[in-house]
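Have a look at the structure below before the remarks.
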Amino acid sequence: MIRLQSLSLLFCLQLACVFSNAQMNGNWGDQGNGTYVNPVLPADYSDLDAIRVGDDYYAISSTMQFSPGMVVLHSKDLVNWEIAGHVVDDLTRISPQLNWDRMNCYGKGIWAGSIRYYKNKFWVYFGTPDDGFFMSSAANPAGPWEPVHQLWKVTGWDDCCSFCDDDGQLYFIATNFAVDPKNNKKYNIHLFKMAPDGRSLIMESDSIIHQSPGSEANKLYKINGLYYHYFSEVKPEGRVIMMERSKNIYGPWNIRQLDHVDGKVDREPNQGGLMQTPTGKWYFLTHHGSGDWEGRPASLLPVHWINGWPVIGEPGADTIGRMVWRGTKPVSAKRKISIQTSDAFNAQKVNVQWEWNYQPRVGKWSLTERKGFLRLYAFMPIDSNNKRSIILRAGNTLTQRSMRTPSNMAAVKIDLSGMADGQFSGLTHFSTTSNSLFGIRQENGIRSLVYSDNGKDSTVVIVTGKSVWLRSTWDANGVSRYAFSTDGKSYQTLESTYQLTWGGYRGDRIGIFNFNTTEDKGYVDVDWFRYDYK
């Protein structure tokens with residue numbers, strides 16, 4: 001009898017694991033029949049905030065060391081999203097450590113922020129753990145955004161939000177996750193008034209309005225005359241969503257838990273934004289806080305108002321919400337949009353789907369020197385002798401997020417005519433914990449196709465042609481297979497596979513790399529990049 005119970009328990013645990021994996025490995029997004037499946041964004045769209053302006057929805061997501069920084073997303077129905085642009089075009093305005101010649105901010109850089117619309121402008125505020133808080137504004141969320149401005153130089157703070165009250169007074173809320181001198185505790189949430197232009201804090205207005213284990217992910221709302229302070233905190237079950245409400249922005253506050261979590265199943269949805277549709281229904285766009293190889297994907301959860309509290313997900317008997325994996329689309333949009341990926345490099349500037357790993361080196365890339373091609377000039381990485389992690393120190397690597405969908409195929413065509421000895425160029429998957437490089441290396445005038453798995457190189461074949469076609473395919477389990485072609489028609493697939501990984505608060509990136517380990521010499525011309533996912 002005991003044995004049967006043990007087997008039954010084991011079976012249940014295995015079934016729970018299968019169920020958990022199925023949530024992130026099956027269908028996703030718009031189902032084409034008026035319903036959707038979570039996640040709606042099956043890639044690394046972390047630290048979300050979202051708002052509605054008119055009939056349009058906008059969201060922002062943290063980008064750490066990638067440039068341009070703080071991606072802006074747009075949707076008409078909360079399910080299908082496209083990239084509108086980025087807030088920060090020059091990361092060196094934040095820190096010189098984010099430049100191509102330093103590359104010293106993995107896991108840091110641009111963290112969570114907020115997007116708001118008031119005074120006829122869009123306003124984005126965000127923090128970095130080492131350099132403090134920054135802001136920018138724009139008339140159009142697609143840009144141009146004003147040059148990023150440092151609001152407050154401070155360390156050990158995060159998860160900020162701006163708020164404009166009915167009388168026009170601006171407020172700023174953020175977490176001090178370091179030990180606070182006011183009470184000798186960590187994770188204190190502070191509220192400040194801001195100057196009328198929103199470019200400075202009134203420091204003497206500082207007030208601690210909450211403190212609890214891990215309390216962060218702050219947002220401020222005013223709904224039906226009440227102030228609502230959204231945040232998350234760590235409880236025994238995991239990181240959960242919390243809410244305070246008050247008639248006065250300084251309190252006293254009533255507090256309530258809004259959701260339950262099971263990290264093995266739902267990966268702790270928490271950071272996000274509340275929105276009301278024109279029909280009056282409420283939704284919450286959130287990331288899943290526990291990262292896997294794709295990073296922290298985004299889901300759309302219904303909101304049920306119970307006794308004046310916005311309960312997120314499906315309410316249980318205790319009126320606390322749980323994760324919801326399927327739902328009816330909030331809005332029936334006529335035009336289906338999607339995250340952009342493929343590029344023929346015909347534009348005058350880099351398209352919005354691309355982000356460089358760190359601020360790129362000016363003069364070492366061009367979209368105009370050869371029309372219809374991206375020219376990448378090779379230069380030496382920082383610490384080029386460290387083969388295992390050389391991609392993490394190689395400037396001007398151009399990247400996109402790797403999607404966690406059942407079928408992914410990313411391919412690139414590269415003209416090799418301008419290569420020099422010591423140069424290595426091709427396709428890469430990387431995070432801070434693992435990387436693979438698949439491309440052409442030239443030594444003594446001979447070009448070889450090389451596969452490198454965390455610095456362990458294997459020569460595949462000698463390449464004599466002018467161009468090479470490289471491809472990576474992967475599934476929802478994140479297992480990649482590289483393939484190559486010398487004519488663009490028939491591909492040969494490598495026997496080796498590569499497991500995509502998570503690291504430094506970032507999911508896997510697919511990218512185009514080009515560097516030279518001996519001198520700043522040589523270039524390649526990238527004809528096109530095609531990435532299809534479904």
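Labels for the structure tokens follow display order: chains A, B, ..., residues from 1 in each chain, ligands from 1.
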field: Nearby residues (only C-alpha atoms) at most 7 Å from Trp502 in chain A, same-chain spacing under 5 positions excluded, as a VMD selection string
entry: chain A and resid 291 to 295 431 433 507 to 508
For the selection you just gave me, I'd like the residues written to a file as a compact mmCIF listing (two decimals), in the first residue's frame, keeping C-alpha atoms.
# COMPACT_ATOMS: atom_id res chain seq x y z
CA GLY A 291 13.87 33.11 -15.73
CA ASP A 292 14.45 30.12 -18.01
CA TRP A 293 16.51 29.88 -21.18
CA GLU A 294 14.26 32.35 -23.04
CA GLY A 295 14.40 34.81 -20.15
CA SER A 431 24.06 34.38 -22.45
CA THR A 433 26.45 31.31 -18.66
CA GLY A 507 17.57 34.95 -21.76
CA ASP A 508 19.42 33.62 -24.78
- prompt: Where does DSSP see helix (DSSP H, G or I) in range 165-404 of chain A, if you list the residues as a VMD selection string?
  reply: chain A and resid 263 to 266 390 to 393
Just want the 8 Å neighbourhood of range 125-138 of chain A, counted on only C-alpha atoms, with same-chain residues fewer than 3 positions away dropped. Output as a PDB file with C-alpha atoms, in the first residue's frame.
ATOM      1  CA  VAL A  87      14.073  55.142 -25.174  1.00  0.00           C
ATOM      2  CA  ILE A  94      24.256  56.303 -18.163  1.00  0.00           C
ATOM      3  CA  SER A  95      27.747  54.885 -17.605  1.00  0.00           C
ATOM      4  CA  LYS A 108      23.229  45.551 -14.576  1.00  0.00           C
ATOM      5  CA  GLY A 109      22.511  48.468 -16.905  1.00  0.00           C
ATOM      6  CA  ILE A 110      18.870  49.384 -17.529  1.00  0.00           C
ATOM      7  CA  TRP A 111      16.566  47.725 -14.987  1.00  0.00           C
ATOM      8  CA  ALA A 112      12.822  48.123 -14.486  1.00  0.00           C
ATOM      9  CA  GLY A 113      11.001  51.377 -15.083  1.00  0.00           C
ATOM     10  CA  SER A 114       7.612  52.926 -15.742  1.00  0.00           C
ATOM     11  CA  ILE A 115       5.859  54.460 -18.725  1.00  0.00           C
ATOM     12  CA  LYS A 121       3.817  63.502 -23.345  1.00  0.00           C
ATOM     13  CA  PHE A 122       5.013  59.985 -22.712  1.00  0.00           C
ATOM     14  CA  PRO A 141       6.420  56.594 -28.040  1.00  0.00           C
ATOM     15  CA  GLY A 143      10.589  58.427 -30.674  1.00  0.00           C
ATOM     16  CA  PRO A 144      12.557  60.504 -30.875  1.00  0.00           C
ATOM     17  CA  TRP A 145      13.025  60.514 -27.104  1.00  0.00           C
ATOM     18  CA  GLU A 146      14.904  63.354 -25.486  1.00  0.00           C
ATOM     19  CA  PRO A 147      18.488  62.480 -24.421  1.00  0.00           C
ATOM     20  CA  VAL A 148      18.287  60.499 -21.215  1.00  0.00           C
ATOM     21  CA  HIS A 149      18.601  62.664 -18.100  1.00  0.00           C
ATOM     22  CA  GLN A 150      19.972  61.575 -14.731  1.00  0.00           C
ATOM     23  CA  LEU A 151      17.296  62.179 -12.124  1.00  0.00           C
ATOM     24  CA  TRP A 152      19.316  61.092  -9.090  1.00  0.00           C
ATOM     25  CA  LYS A 153      22.784  59.547  -8.801  1.00  0.00           C
ATOM     26  CA  VAL A 154      22.465  56.848  -6.153  1.00  0.00           C
ATOM     27  CA  THR A 155      23.332  53.157  -5.685  1.00  0.00           C
ATOM     28  CA  GLY A 156      21.296  50.265  -4.311  1.00  0.00           C
ATOM     29  CA  TRP A 157      17.873  51.427  -5.547  1.00  0.00           C
ATOM     30  CA  ASP A 158      15.482  50.016  -8.163  1.00  0.00           C
ATOM     31  CA  ASP A 159      11.923  49.640  -9.533  1.00  0.00           C
ATOM     32  CA  CYS A 160      10.716  53.214  -9.844  1.00  0.00           C
ATOM     33  CA  CYS A 161       7.522  54.807 -11.125  1.00  0.00           C
ATOM     34  CA  SER A 162       6.374  58.359 -11.766  1.00  0.00           C
ATOM     35  CA  ARG A 199      13.639  66.271 -13.964  1.00  0.00           C
TER      36      ARG A 199
END
Residue list (strand (DSSP E or B), DSSP) for range 156-347 of chain A, as a ChimeraX atom specification: /A:157-164,170-176,180,185,188-194,201-211,216-223,226-235,238-246,254-257,259,269-276,282-288,292,295,298-306,309-312,314-315,321-322,326-328,343
field: Ile209 in chain A surroundings by only C-alpha atoms, 7 Å radius, close-in-sequence under 2 positions cut, as an NGL selection string
entry: :A and (189-191 or 207 or 250)
statement: Judged by only C-alpha atoms, the minimum distance to Gly32 in chain A among A:Ala333, A:Ala174, A:Leu98, A:Met203 is found for A:Ala333
task: Compare A:Ile510, A:Val72, A:Val461, A:Val468 by their minimum atom-to-atom distance to Ile446 in chain A, counting only C-alpha atoms, and give me the closest one.
output: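 The shortest atom-to-atom distance to Ile446 in chain A comes from A:Val461.
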